[in-house]
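Peer 1: File coords_22.tsv below, TSV, C-alpha atoms:
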chain	number	residue	atom	x	y	z
A	1256	MET	CA	10.16	18.63	-1.73
A	1257	THR	CA	6.98	20.32	-2.80
A	1258	ARG	CA	3.37	19.25	-2.58
A	1259	ASP	CA	3.20	19.17	-6.38
A	1260	ALA	CA	6.22	16.84	-6.56
A	1261	VAL	CA	4.62	14.38	-4.14
A	1262	VAL	CA	1.29	14.51	-6.00
A	1263	THR	CA	3.10	13.86	-9.28
A	1264	LEU	CA	4.98	10.86	-7.90
A	1265	ILE	CA	1.79	9.33	-6.46
A	1266	ARG	CA	-0.15	10.05	-9.65
A	1267	GLU	CA	2.52	8.45	-11.85
A	1268	HIS	CA	2.84	5.42	-9.58
A	1269	LEU	CA	-0.91	4.81	-9.48
A	1270	ALA	CA	-1.31	5.36	-13.22
A	1271	ASP	CA	1.40	2.79	-13.91
A	1272	GLU	CA	0.26	0.24	-11.32
A	1273	LEU	CA	-3.46	0.49	-12.01
A	1274	ASP	CA	-3.34	1.30	-15.72
A	1275	VAL	CA	-5.40	4.48	-15.37
A	1276	ASP	CA	-5.05	7.92	-16.91
A	1277	PRO	CA	-2.86	10.06	-14.63
A	1278	GLY	CA	-5.05	13.06	-15.49
A	1279	ALA	CA	-7.96	11.32	-13.78
A	1280	ILE	CA	-6.13	11.26	-10.44
A	1281	SER	CA	-6.50	14.29	-8.16
A	1282	GLU	CA	-5.96	14.89	-4.46
A	1283	ASP	CA	-9.63	14.01	-3.88
A	1284	THR	CA	-9.27	10.64	-5.61
A	1285	ARG	CA	-10.06	7.74	-3.27
A	1286	PHE	CA	-7.82	4.71	-3.64
A	1287	LYS	CA	-10.40	1.97	-3.20
A	1288	GLU	CA	-13.64	3.58	-4.35
A	1289	ASP	CA	-12.37	5.60	-7.32
A	1290	LEU	CA	-9.36	3.57	-8.46
A	1291	GLU	CA	-10.43	0.12	-7.28
A	1292	ALA	CA	-7.02	-0.35	-5.68
A	1293	ASP	CA	-6.60	-3.49	-3.59
A	1294	SER	CA	-4.38	-4.04	-0.57
A	1295	LEU	CA	-1.40	-5.09	-2.69
A	1296	ASP	CA	-1.70	-1.92	-4.79
A	1297	LEU	CA	-1.73	0.18	-1.64
A	1298	TYR	CA	1.20	-1.75	-0.17
A	1299	THR	CA	3.33	-1.01	-3.25
A	1300	LEU	CA	2.38	2.67	-3.02
A	1301	VAL	CA	3.47	2.77	0.63
A	1302	GLN	CA	6.78	1.14	-0.36
A	1303	GLU	CA	7.26	3.72	-3.12
A	1304	LEU	CA	6.64	6.60	-0.70
A	1305	GLU	CA	8.97	5.10	1.90
A	1306	ASP	CA	11.74	4.55	-0.66
A	1307	SER	CA	11.33	7.94	-2.37
A	1308	TYR	CA	10.85	10.18	0.66
A	1309	GLY	CA	12.29	8.30	3.65
A	1310	VAL	CA	8.98	8.23	5.49
A	1311	ARG	CA	7.91	5.23	7.55
A	1312	MET	CA	4.27	4.26	7.70
A	1313	THR	CA	2.71	1.70	10.02
A	1314	ASP	CA	-0.10	-0.56	8.82
A	1315	GLU	CA	-2.48	1.41	11.04
A	1316	GLN	CA	-1.40	4.72	9.53
A	1317	ALA	CA	-1.70	3.33	6.01
A	1318	ALA	CA	-5.22	2.05	6.73
A	1319	GLY	CA	-6.29	5.58	7.66
A	1320	ILE	CA	-5.11	7.10	4.37
A	1321	LEU	CA	-8.02	6.94	1.97
A	1322	THR	CA	-7.25	9.62	-0.64
A	1323	VAL	CA	-4.30	10.85	-2.66
A	1324	GLY	CA	-4.38	14.14	-0.74
A	1325	GLN	CA	-4.16	12.33	2.60
A	1326	ALA	CA	-1.12	10.41	1.33
A	1327	VAL	CA	0.51	13.68	0.27
A	1328	ASP	CA	-0.24	15.25	3.68
A	1329	PHE	CA	1.35	12.24	5.41
A	1330	VAL	CA	4.52	12.44	3.34
A	1331	LEU	CA	4.89	16.19	3.89
A	1332	ALA	CA	4.33	15.83	7.65
A	1333	HIS	CA	6.64	12.84	8.14
A	1334	ALA	CA	9.49	13.26	5.66
A	1335	PRO	CA	12.92	13.81	7.20
A	1336	ALA	CA	14.11	17.40	7.06
Could the structure of this file be written out as structure tokens, please?
Peer 2:
Amino acid sequence: MTRDAVVTLIREHLADELDVDPGAISEDTRFKEDLEADSLDLYTLVQELEDSYGVRMTDEQAAGILTVGQAVDFVLAHAPA
């Protein structure tokens, strides 16, 4: 699993869920401020990351992830070897 692969999965998920251009999503993109994602949007993203990469994220951990890059960092740090 590479950083680029995780970024691509997140970008594609958000583009599909939020109907935005995937090219407009970078690691600096903020979920709420830039994409206007609500709590349900973020919940489905967490589910996608858990299902795709085997990571587990608590509600408290999810609340602390504000950008695409932070989500990628979490997946890379917590994915099973």
Peer 1: Between atom CA of A:Thr1263 and atom CA of A:Pro1277, what distance in Å does the model show, to one decimal?
Peer 2: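 Between atom CA of A:Thr1263 and atom CA of A:Pro1277 the gap is 8.9 Å.
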Peer 1: Go ahead and compute the interatomic distance for atom CA of A:Val1262 and atom CA of A:Ala1318, in Å to one decimal.
Peer 2: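 For atom CA of A:Val1262 relative to atom CA of A:Ala1318, the distance reads 19.0 Å.
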Peer 1: Near stretch 1306-1311 of chain A, counting all atoms listed in the file, which residues have an atom at most 8 Å away, once you skip same-chain residues fewer than 3 positions from it, shown as a list in words?
Peer 2: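 Residues near the query, excluding close chain neighbours: Gln1302, Glu1303, Val1330, His1333, Ala1334 and Pro1335 of chain A.
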Peer 1: Compare A:Leu1321, A:Met1312, A:Ala1260, A:Ala1332 by their minimum atom-to-atom distance to A:Glu1291, counting all atoms listed in the file, and give me the closest one.
Peer 2: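 Checking each of A:Leu1321, A:Met1312, A:Ala1260, A:Ala1332 against A:Glu1291, counting all atoms listed in the file, the winner is A:Leu1321.
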Peer 1: Nearest residue to A:Asp1314 out of A:Asp1259, A:Ala1336, A:Asp1276, A:Ser1294, using all atoms listed in the file?
Peer 2: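 With all atoms listed in the file as the atom set, the closest residue is A:Ser1294.
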Peer 1: In terms of the shortest atom-to-atom distance over only C-alpha atoms, which of A:Leu1290, A:Val1261, A:Ala1279, A:Leu1295 is closest to A:Gly1324?
Peer 2: A:Val1261
Peer 1: For A:Asp1274, find every residue with an atom within 12 Å (counting all atoms listed in the file), except residues of its own chain fewer than 6 positions away, and show them as an MDAnalysis selection string.
Peer 2: chainID A and resid 1266:1268 1280 1290:1292 1296
Peer 1: Would you put the residues from that selection into a file with C-alpha atoms, as a PDB file, keeping the file's coordinate frame?
Peer 2:
ATOM      1  CA  ARG A1266      -0.150  10.050  -9.650  1.00  0.00           C
ATOM      2  CA  GLU A1267       2.520   8.450 -11.850  1.00  0.00           C
ATOM      3  CA  HIS A1268       2.840   5.420  -9.580  1.00  0.00           C
ATOM      4  CA  ILE A1280      -6.130  11.260 -10.440  1.00  0.00           C
ATOM      5  CA  LEU A1290      -9.360   3.570  -8.460  1.00  0.00           C
ATOM      6  CA  GLU A1291     -10.430   0.120  -7.280  1.00  0.00           C
ATOM      7  CA  ALA A1292      -7.020  -0.350  -5.680  1.00  0.00           C
ATOM      8  CA  ASP A1296      -1.700  -1.920  -4.790  1.00  0.00           C
TER       9      ASP A1296
END
Peer 1: To one decimal place, how far is atom CA of A:Leu1304 from atom CA of A:Lys1287 in Å?
Peer 2: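 Going from atom CA of A:Leu1304 over to atom CA of A:Lys1287, I get 17.8 Å.
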